[in-house]
Structure formats: C-alpha cells, structure tokens
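Each remark here refers to the structure printed beneath this line.
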Amino acid sequence: MGLSAFLAAQISYIFLFYKVHDLTGEPSLLKSRPCWLLLYLGYGLLVYAVLFPYLNKSLQIPVFLYMTALLCMSAMTLNLKKAVRRVSFLLLFFGSILFIFSDSLIAFNRFYHPVPLAAILIIASYIMAQFLIMQGLLRHFQNNGYLEHFSLDT
C-alpha cells in the first residue's frame, strides 16, 4: 500500500511538472537533448540489477514501476530547465535528486543490505526533497502571478 501511495505521488508530480512546462511554451529540453535520459536510464538499470535478486517475485514489477515513475518525475524537473527561472529550476531539480536518494536508500536498506543510520538519512532527505520541490513550485507560481496574495517571506 505504501508503494502504491508513493507511486500515485510520483505520477501526480509528473503530470504537474508536465503541465508547468506546457504552460510556458518553451521547447522541451528532453526532446532536444535526449542524452540526459541516458543518465536516468543507467541509474535505474544499475539499481534494479542490484536489487532484483533480493526482491520477492511479487515485488519485482511494482518496484520497477515505482523506480520508473521516480526517475520520470526527476526527468520532468530537468525538462523545466529553460521553462522556469533559475532558482525555481534548481530547487525543483535538486529536490527531485534528493527524492531519488531517499527512495534509493529505502530500497537498499529494505531489500539489499542495512544502511547505517537509514531512518535518519531517509527521513531527512525526504523532508528536504519535499521542501525544495514545494519551494521551487511556489516560487515559479508566485513569479508568474498565480499566487498574487501569497508571500514566500511569511
């Protein structure tokens, strides 16, 4: 159930980041430079290859689907590079990278080998990831007049 809930969150982020990009009318970075996707693909294949022998058969497909959604979410933040202001992009992108880090720690800790201080590292990186993503979105929306009565300074 937990994996399903986080999968829904990843899919929601993917659609949100797609919509943010679509509203700007900027050309797609991922279409003009698909080589960036190779980094995500390489990371995903490496992590899945390490974890695969340790996954119960019933978890092999769900873990693969979740990892795919997680990496797509981050790729969609990368796609925002030219579509949003620099600060918003950096907040969103590094937030997505921390999300990947947090979820990778969960996977390695649960399925491969215990990670020292896993609980602290996982929750700290997850909270920071969510904070950065939300700050990036709020800044973008505020800069574009979507949040006329909202202040990041409060």
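Identifiers for the structure tokens are assigned positionally: chains receive A, B, ... in sequence, residues are indexed from 1 per chain, and ligands are indexed from 1 in the order shown.
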List every residue of chain A that DSSP, applied to the backbone, labels as alpha helix (DSSP H), and write the result as a PyMOL selection string.
-> chain A and resi 2-24+29-32+35-51+57-78+86-107+118-143
Long-range neighbours of A:Leu7 as a PyMOL selection string, 10 Å cut-off, only C-alpha atoms, 6 positions minimum in chain | chain A and resi 1+13+62-63+65-70
For stretch 42-56 of chain A: contacts at 12 Å, only C-alpha atoms, fewer than 3 positions along chain excluded, given as a count of residues only | 34
Rank A:Phe93, A:Phe141, A:Phe99, A:Tyr40 by their smallest atom-to-atom distance to A:Ala9, using only C-alpha atoms, and report the top residue only.
->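 That would be A:Phe99, the residue with the smallest distance to A:Ala9.
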